[in-house]
Structure formats: C-alpha cells, structure tokens
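Dumped final19.txt below, it's compact mmCIF, C-alpha atoms:
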```
# COMPACT_ATOMS: atom_id res chain seq x y z
CA MET A 1 0.00 0.00 0.00
CA ASP A 2 1.26 3.48 -0.90
CA VAL A 3 1.12 6.01 1.95
CA ASP A 4 0.03 9.53 1.02
CA LEU A 5 2.54 11.91 2.61
CA ARG A 6 0.09 14.80 2.48
CA LYS A 7 -2.42 12.87 4.56
CA LEU A 8 0.36 11.93 6.96
CA ARG A 9 1.26 15.61 7.41
CA TYR A 10 -2.39 16.40 8.08
CA PHE A 11 -2.55 13.57 10.61
CA VAL A 12 0.55 14.77 12.49
CA VAL A 13 -0.84 18.29 12.86
CA VAL A 14 -4.17 16.96 14.18
CA ALA A 15 -2.27 14.66 16.56
CA GLU A 16 -0.24 17.61 17.84
CA GLU A 17 -3.25 19.88 18.31
CA LEU A 18 -5.83 17.22 19.29
CA HIS A 19 -8.34 19.68 17.87
CA PHE A 20 -9.54 19.60 14.25
CA GLY A 21 -10.38 23.31 14.15
CA ARG A 22 -6.93 24.46 15.30
CA ALA A 23 -5.26 21.90 13.05
CA ALA A 24 -7.23 23.16 10.04
CA GLU A 25 -6.11 26.73 10.81
CA ARG A 26 -2.46 25.63 10.95
CA LEU A 27 -2.82 23.82 7.65
CA HIS A 28 -4.78 26.66 6.00
CA ILE A 29 -7.59 24.37 4.92
CA THR A 30 -11.20 24.06 6.03
CA GLN A 31 -12.16 21.73 8.84
CA PRO A 32 -14.50 19.59 6.67
CA VAL A 33 -11.69 19.01 4.16
CA LEU A 34 -9.34 18.02 6.97
CA SER A 35 -11.89 15.63 8.46
CA ARG A 36 -12.39 13.97 5.08
CA GLN A 37 -8.65 13.52 4.62
CA ILE A 38 -8.28 11.91 8.06
CA ARG A 39 -11.22 9.59 7.40
CA ALA A 40 -9.66 8.61 4.06
CA LEU A 41 -6.36 7.86 5.81
CA GLU A 42 -8.15 5.72 8.40
CA GLN A 43 -9.86 3.80 5.59
CA GLU A 44 -6.56 3.27 3.80
CA LEU A 45 -4.88 2.02 6.97
CA ARG A 46 -7.99 0.14 8.12
CA ALA A 47 -7.56 1.58 11.60
CA GLN A 48 -9.24 4.25 13.72
CA LEU A 49 -6.66 6.91 14.54
CA PHE A 50 -8.68 9.29 16.74
CA ALA A 51 -11.36 8.79 19.37
CA ARG A 52 -13.65 11.85 19.19
CA ASN A 53 -16.62 13.14 21.14
CA LYS A 54 -18.12 16.61 21.55
CA GLN A 55 -15.51 17.63 24.13
CA THR A 56 -12.25 15.87 23.27
CA THR A 57 -10.14 14.37 20.52
CA GLU A 58 -7.67 11.66 21.57
CA LEU A 59 -5.27 9.36 19.80
CA THR A 60 -6.09 5.67 19.73
CA ALA A 61 -3.36 3.05 20.14
CA ALA A 62 -3.12 2.89 16.34
CA GLY A 63 -2.90 6.69 16.22
CA ARG A 64 -0.07 6.78 18.75
CA GLN A 65 1.84 4.19 16.75
CA LEU A 66 1.31 6.11 13.51
CA LEU A 67 2.49 9.35 15.12
CA GLU A 68 5.68 7.66 16.29
CA ASP A 69 6.40 6.36 12.80
CA ALA A 70 5.09 9.29 10.75
CA ARG A 71 7.46 11.97 12.02
CA PRO A 72 10.72 10.27 10.93
CA LEU A 73 9.10 9.25 7.65
CA LEU A 74 8.11 12.84 6.87
CA ALA A 75 11.54 14.12 7.92
CA ALA A 76 13.22 11.59 5.62
CA ALA A 77 10.99 12.66 2.72
CA GLN A 78 11.87 16.30 3.36
CA ALA A 79 15.57 15.47 3.51
CA LEU A 80 15.33 13.52 0.25
CA HIS A 81 13.72 16.51 -1.47
CA ARG A 82 16.45 18.88 -0.23
CA ARG A 83 19.28 16.61 -1.36
CA VAL A 84 17.74 16.09 -4.80
CA GLN A 85 17.32 19.85 -5.20
CA GLN A 86 20.91 20.43 -4.14
CA ALA A 87 22.16 17.89 -6.67
CA ALA A 88 19.98 19.37 -9.40
CA HIS A 89 21.40 22.84 -8.80
CA GLY A 90 24.98 21.73 -8.40
CA SER A 91 25.15 22.52 -4.69
CA SER A 92 28.54 21.84 -3.12
CA ALA A 93 27.85 22.62 0.54
CA PHE A 94 28.62 20.47 3.56
CA THR A 95 26.88 21.59 6.74
CA VAL A 96 28.04 20.80 10.28
CA GLY A 97 25.85 21.24 13.35
CA PHE A 98 27.35 21.79 16.78
CA MET A 99 26.10 22.15 20.35
CA PRO A 100 27.18 25.07 22.58
CA GLY A 101 30.60 24.53 24.14
CA ILE A 102 31.81 22.06 21.47
CA THR A 103 34.68 23.42 19.38
CA VAL A 104 34.54 22.24 15.77
CA THR A 105 37.09 24.61 14.23
CA GLY A 106 39.90 22.07 13.84
CA ALA A 107 37.74 19.43 12.20
CA VAL A 108 36.10 21.92 9.85
CA ARG A 109 39.43 23.42 8.79
CA ALA A 110 40.99 20.01 8.17
CA PHE A 111 37.99 18.80 6.17
CA SER A 112 37.88 22.04 4.17
CA ALA A 113 41.57 21.66 3.32
CA ARG A 114 40.88 18.19 1.92
CA HIS A 115 37.84 19.37 -0.03
CA PRO A 116 38.43 22.90 -1.37
CA GLU A 117 35.53 22.34 -3.79
CA LEU A 118 33.09 22.28 -0.86
CA SER A 119 31.60 25.21 1.01
CA VAL A 120 31.73 23.88 4.60
CA GLN A 121 29.23 25.68 6.81
CA VAL A 122 28.56 25.46 10.56
CA VAL A 123 25.18 25.78 12.28
CA ARG A 124 24.63 26.06 16.01
CA THR A 125 22.03 23.67 17.41
CA SER A 126 20.34 23.23 20.79
CA TRP A 127 19.29 20.35 23.02
CA ALA A 128 15.84 20.36 21.41
CA ASP A 129 16.95 20.22 17.77
CA GLN A 130 20.44 18.72 17.74
CA VAL A 131 19.36 15.71 15.62
CA GLN A 132 16.30 17.22 13.94
CA GLY A 133 18.44 18.99 11.34
CA VAL A 134 20.08 15.69 10.41
CA HIS A 135 16.73 13.97 9.90
CA GLU A 136 15.42 16.90 7.84
CA GLY A 137 18.47 17.13 5.60
CA LEU A 138 19.54 20.55 6.89
CA LEU A 139 22.75 19.15 8.41
CA ASP A 140 25.14 16.63 6.89
CA VAL A 141 26.62 15.84 10.30
CA SER A 142 26.00 17.12 13.79
CA PHE A 143 28.05 17.10 16.99
CA VAL A 144 25.49 15.89 19.55
CA ARG A 145 25.41 15.38 23.29
CA LEU A 146 23.91 12.11 24.47
CA PRO A 147 21.28 10.99 25.19
CA VAL A 148 19.53 11.32 21.83
CA ASP A 149 16.99 9.18 20.03
CA ARG A 150 19.29 6.92 18.02
CA ARG A 151 16.68 5.77 15.51
CA GLY A 152 17.70 6.57 11.94
CA LEU A 153 21.16 7.77 12.96
CA THR A 154 24.74 6.59 12.72
CA LEU A 155 26.68 7.73 15.80
CA ARG A 156 30.47 7.97 16.15
CA PRO A 157 31.67 8.49 19.76
CA LEU A 158 34.15 11.36 20.03
CA PHE A 159 34.89 12.21 23.66
CA ARG A 160 33.57 12.32 27.22
CA GLU A 161 33.74 15.09 29.78
CA PRO A 162 32.63 15.70 33.39
CA ARG A 163 29.27 17.25 34.16
CA VAL A 164 28.84 20.04 36.70
CA ALA A 165 25.99 21.62 38.63
CA VAL A 166 25.39 25.29 37.76
CA LEU A 167 24.08 27.29 40.73
CA PRO A 168 23.56 30.91 41.82
CA THR A 169 26.75 32.24 43.42
CA GLY A 170 24.99 32.65 46.77
CA HIS A 171 23.66 29.09 46.80
CA ARG A 172 24.39 26.86 49.81
CA LEU A 173 26.34 24.43 47.58
CA ALA A 174 28.22 26.98 45.46
CA GLY A 175 31.40 26.98 47.52
CA LYS A 176 31.86 23.22 47.78
CA GLU A 177 34.67 21.37 46.03
CA SER A 178 32.17 18.80 44.78
CA ILE A 179 28.67 17.48 45.47
CA VAL A 180 26.58 14.37 44.78
CA ILE A 181 23.41 14.36 42.72
CA ALA A 182 21.23 13.75 45.82
CA ASP A 183 22.31 17.21 47.05
CA LEU A 184 20.14 18.61 44.24
CA ALA A 185 17.01 16.62 45.15
CA THR A 186 15.24 19.66 46.59
CA GLU A 187 16.31 21.99 43.78
CA ARG A 188 14.31 23.01 40.74
CA LEU A 189 15.95 21.71 37.56
CA LEU A 190 15.73 24.23 34.70
CA GLN A 191 16.13 21.75 31.86
CA ASP A 192 14.57 18.62 30.44
CA PRO A 193 14.83 15.95 33.18
CA ASP A 194 15.66 13.37 30.51
CA ALA A 195 18.94 15.23 30.03
CA VAL A 196 19.80 14.45 33.67
CA PRO A 197 18.34 10.98 34.29
CA GLU A 198 20.33 10.68 37.54
CA TRP A 199 18.32 13.63 38.97
CA ARG A 200 15.07 12.55 37.34
CA ASP A 201 15.27 9.12 39.00
CA LEU A 202 16.08 10.30 42.54
CA PRO A 203 13.47 8.70 44.84
CA GLU A 204 13.61 11.62 47.26
CA ARG A 205 13.31 14.33 44.61
CA THR A 206 11.06 17.22 45.72
CA GLY A 207 12.39 20.11 43.66
CA GLU A 208 9.85 20.28 40.84
CA GLY A 209 7.07 21.87 42.87
CA ALA A 210 3.73 22.88 41.45
CA GLU A 211 5.03 25.51 39.03
CA PRO A 212 4.90 24.68 35.32
CA ARG A 213 8.25 23.79 33.76
CA LEU A 214 9.70 26.76 31.93
CA SER A 215 10.99 26.44 28.39
CA PHE A 216 14.24 28.11 27.35
CA ALA A 217 15.56 28.48 23.83
CA THR A 218 19.24 29.01 24.74
CA VAL A 219 21.82 28.28 27.40
CA GLU A 220 22.10 32.03 28.00
CA GLU A 221 18.43 32.18 29.00
CA LYS A 222 18.88 29.26 31.38
CA LEU A 223 21.89 30.93 33.04
CA GLU A 224 20.02 34.20 33.46
CA HIS A 225 17.19 32.31 35.13
CA VAL A 226 19.64 30.56 37.45
CA ALA A 227 21.13 33.93 38.39
CA THR A 228 17.88 35.84 38.84
CA SER A 229 15.28 33.32 39.95
CA GLY A 230 17.16 30.35 41.34
CA GLY A 231 17.01 26.82 40.09
CA VAL A 232 19.92 24.71 38.89
CA LEU A 233 21.33 23.16 35.74
CA VAL A 234 23.55 20.15 35.15
CA LEU A 235 25.80 20.86 32.16
CA PRO A 236 28.89 19.42 30.51
CA LEU A 237 32.00 21.14 31.85
CA SER A 238 32.86 22.63 28.44
CA THR A 239 29.42 24.27 28.17
CA ALA A 240 29.58 25.69 31.69
CA ALA A 241 33.11 27.00 31.07
CA TYR A 242 32.17 28.49 27.68
CA TYR A 243 29.54 30.79 29.19
CA THR A 244 30.98 33.17 31.75
CA HIS A 245 28.46 34.73 34.14
CA THR A 246 29.46 36.56 37.32
CA ASP A 247 26.32 35.54 39.18
CA VAL A 248 26.51 31.76 38.68
CA ALA A 249 28.99 29.13 39.82
CA HIS A 250 29.57 25.54 38.79
CA VAL A 251 30.47 22.62 41.05
CA PRO A 252 31.57 19.10 40.01
CA VAL A 253 29.06 16.31 40.63
CA ASP A 254 30.97 13.24 41.80
CA ASP A 255 28.51 10.40 41.36
CA ILE A 256 27.15 10.88 37.82
CA GLY A 257 28.74 9.66 34.64
CA PRO A 258 30.46 11.94 32.16
CA GLY A 259 28.65 13.60 29.28
CA GLU A 260 29.35 11.95 25.93
CA VAL A 261 29.72 13.76 22.61
CA CYS A 262 29.17 11.91 19.33
CA LEU A 263 29.04 12.80 15.68
CA ALA A 264 25.67 11.94 14.15
CA TRP A 265 24.53 11.56 10.55
CA SER A 266 21.62 9.91 8.77
CA ALA A 267 21.88 6.12 8.72
CA ASP A 268 20.30 6.12 5.25
CA ARG A 269 23.09 8.11 3.62
CA ARG A 270 26.08 6.42 1.99
CA SER A 271 28.26 9.39 1.12
CA PRO A 272 31.95 8.64 1.88
CA ARG A 273 32.31 12.22 3.09
CA LEU A 274 30.37 11.41 6.26
CA PRO A 275 32.71 8.77 7.78
CA GLU A 276 35.66 10.79 6.45
CA PHE A 277 34.55 13.82 8.44
CA ALA A 278 33.92 11.56 11.44
CA ASP A 279 37.50 10.24 11.26
CA ILE A 280 38.82 13.79 11.18
CA ALA A 281 36.63 14.85 14.10
CA ALA A 282 37.72 11.81 16.16
CA ALA A 283 41.38 12.59 15.50
CA GLN A 284 40.85 16.13 16.83
CA HIS A 285 39.73 14.75 20.19
```
Could you write out this file's structure as structure tokens?
Amino acid sequence: MDVDLRKLRYFVVVAEELHFGRAAERLHITQPVLSRQIRALEQELRAQLFARNKQTTELTAAGRQLLEDARPLLAAAQALHRRVQQAAHGSSAFTVGFMPGITVTGAVRAFSARHPELSVQVVRTSWADQVQGVHEGLLDVSFVRLPVDRRGLTLRPLFREPRVAVLPTGHRLAGKESIVIADLATERLLQDPDAVPEWRDLPERTGEGAEPRLSFATVEEKLEHVATSGGVLVLPLSTAAYYTHTDVAHVPVDDIGPGEVCLAWSADRRSPRLPEFADIAAAQH
C-alpha cells in the first residue's frame, strides 16, 4: 500500500493539536476538508486513529503508533527533497551542526583543506533540535550530546567530559569542592529531566514543585534564570566554562557519569564524506 505523505502531514498536525479546528487553521484548509482527509487515511490504513466526542479528541493506540512512525518518515521525505534539489542545482555545501561549548574549528578546517571544492558551513544547534536537522536534511553531520533518540542515525563516539551543577553564586552548595546528585534533590531543575536521568530518578526528589516547567531556547536564558530566579542546571563542563556569568557558579558532581559527545549523521546516507569527516573529528579529540 502506498502512503500519502500529504495525509500523513495532516494527521501529524491533528495529533499535535488534538483539535480539528486548530489543526485546520495551521494547515490553511477548512475543517470539513481536513476531516475527510483523516477519514480517508483511516480507511486506507484500516484503523481508527482518533477517538472523538463533543468535548475531546484523543489518539487511539493505532494513532499513537502512527504518530511515532510518521514523524521520521516525513523528515526523511523532506531530507530527500532537499538533497535532490541540491544535486539538481549543483550545490557543493557540507553543513556541520554543533552544540554550545563544542569546538569544531579544527575538524572543519581540516575537512575544508581536503575538499576545497566544498563550502563547509557550521550551524549552532540546541538540546531540542540537535538531531532534527540531520533527519530533515539541513545538516550533513551534527556534533550531539547524548542521550539522543538513536533511531535513523549513525553515531560515532568522540569524547567524554565531566558534568557540573550550575548554581547561583549565593547558593548553599556553590562553595563546595564537589557534590553528589542527591544534594540537588530539593532543587528546581531548569532543563529537560531526561537530560539528567540521575536527577530525574532520585526517589527523594522534591524540587519540581507545582510551578509549570519553563521552556528556554538558549543556554544564555537558562543561566540568566539561574542567576535571577534560582534553580539549577547540570551541564557538561565545556558548556559551563564556555559561558561566563558573574552571578553563577559551577560545582563538580561526583557520582554521575560523564557527558558523551558523538558525531551523528543519517543512517540512510552512503556518502563517503560522512565517515571521512567523522575520522577527522575523532582525530581532533
């Protein structure tokens, strides 16, 4: 059976909104048209994707499975389109993503020297999108900090580094030589708990409170919030050292593993430039 990518895109938007009216607005189509497209997709798949009543719209088990599989499929289709367009127009760019605190200068210079015909570009990423650009074809390779969703990726380990707690300078722990993760159990973590599973899994953790979790686009915003409103971060040492801020301090955390940096690229791609760049990057570290 052929899957209609347009219907899949419609489905993903409805699944994200869980409201046909808002989804139709996002898609710039009418709600009846959207409803017909979703019904047609359900008929093609022979599965009910949404459970609807007058008050709510919810994903069924089949809908949840389709959402999990649809996003990487749509990203791969988008990446395919970009690469075909680049080839058609004679594009000779190679794009490298990097997370804050990771220095890529040496690897980029060495690769550029080997391939003067390429325009090697660098793009800064964040925790939220460090692999998204790879899946969507925006990045050829990306320096990523684990953990990441490994599906659809080839990962080449590069190096490990300690992780530190970032605290306001007046914090009770700021002057210590080192701490353990349990010392942060009563603190509010200002980042995705999945990035610090050792804190997330503390049985005695009480630091989340009733306040909604704030969302920050950059490390700079997180540091400002640490300095002005309290809360803590757990960051790789290179990231904490890269951003200087007079009102925050960082302290080593003894009982958590190091942060690991890998180079990631799409598992579907076979270009010899990808492992070549990975070899260069590994040699730099």
ask   = Do you know which residues are at most 12 Å from A:Arg6 counting all atoms listed in the file, after dropping those on the same chain fewer than 2 positions away, and could you put them as number ranges by chain?
value = A: 2-4, 8-13, 27, 34, 37-38, 40-41, 70, 73-74, 77-78
Give me the residues near stretch 122-128 of chain A as a JSON list (two decimals) with C-alpha atoms, in the coordinates of the input, where near means some atom within 6 Å (using all atoms listed in the file) and where sequence neighbours in that chain fewer than 4 positions away do not count.
```json
[["chain", "number", "residue", "atom", "x", "y", "z"],
["A", 95, "THR", "CA", 26.88, 21.59, 6.74],
["A", 96, "VAL", "CA", 28.04, 20.80, 10.28],
["A", 97, "GLY", "CA", 25.85, 21.24, 13.35],
["A", 98, "PHE", "CA", 27.35, 21.79, 16.78],
["A", 99, "MET", "CA", 26.10, 22.15, 20.35]]
```
key: Nearest to A:Leu80, chosen from A:Asp247, A:Asp268, A:Val261, A:His171, with all atoms listed in the file counted in the distances   =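 Closest candidate: A:Asp268.
Atom CA of A:Pro275 is positioned 14.1 Å from atom CA of A:His115.
Each of A:Val148, A:Phe143, A:Glu224, A:Gly63 was checked against A:Thr103 using all atoms listed in the file; the smallest atom-to-atom distance is that of A:Phe143.
Closest to A:Thr60 among A:Lys7, A:Ser271, A:Glu42, A:Val104 is A:Glu42, based on only C-alpha atoms.
Between A:Leu155 and the candidates A:Ser142, A:Gln48, A:Asn53, A:Gln43, the tightest atom-to-atom separation, counting only C-alpha atoms, involves A:Ser142.
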task = Would you mind reading off the distance between atom CA of A:Arg200 and atom CA of A:Leu66, one decimal, in Å?
result =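 Atom CA of A:Leu66 lies at a distance of 28.3 Å from atom CA of A:Arg200.
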Shell around A:Ile280 at 9 Å using all atoms listed in the file, local window under 6 positions removed, as a short mmCIF file (atom, residue, chain, number, x, y, z; two decimals) with C-alpha atoms, in the frame of the given file:
```cif
data_model
loop_
_atom_site.label_atom_id
_atom_site.label_comp_id
_atom_site.auth_asym_id
_atom_site.auth_seq_id
_atom_site.Cartn_x
_atom_site.Cartn_y
_atom_site.Cartn_z
CA GLY A 106 39.90 22.07 13.84
CA ALA A 107 37.74 19.43 12.20
CA VAL A 108 36.10 21.92 9.85
CA ALA A 110 40.99 20.01 8.17
CA PHE A 111 37.99 18.80 6.17
#
```
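Relative to atom CA of A:Leu173, atom CA of A:Thr206 is found at 17.0 Å.
Nearest to A:Arg163 of all the residues A:Ala88, A:Val144, A:Val134, A:Val253 is A:Val253, counting only C-alpha atoms.
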query = stretch 178-191 of chain A: which residues within 10 Å, counting only C-alpha atoms, same-chain residues fewer than 4 positions away excluded, as a PyMOL selection string?
reply = chain A and resi 127+164-165+167+173-174+195-196+198-209+211+213-216+219+222-223+225-226+230-235+250-256
Find the smallest box with edges along x, y and z containing every listed atom of stretch 157-170 of chain A, then add 5 Å on each side and report centre and edge lengths in Å to one decimal, as lines of an AutoDock Vina configuration file.
```
center_x = 29.2
center_y = 20.6
center_z = 33.3
size_x = 21.3
size_y = 34.2
size_z = 37.0
```
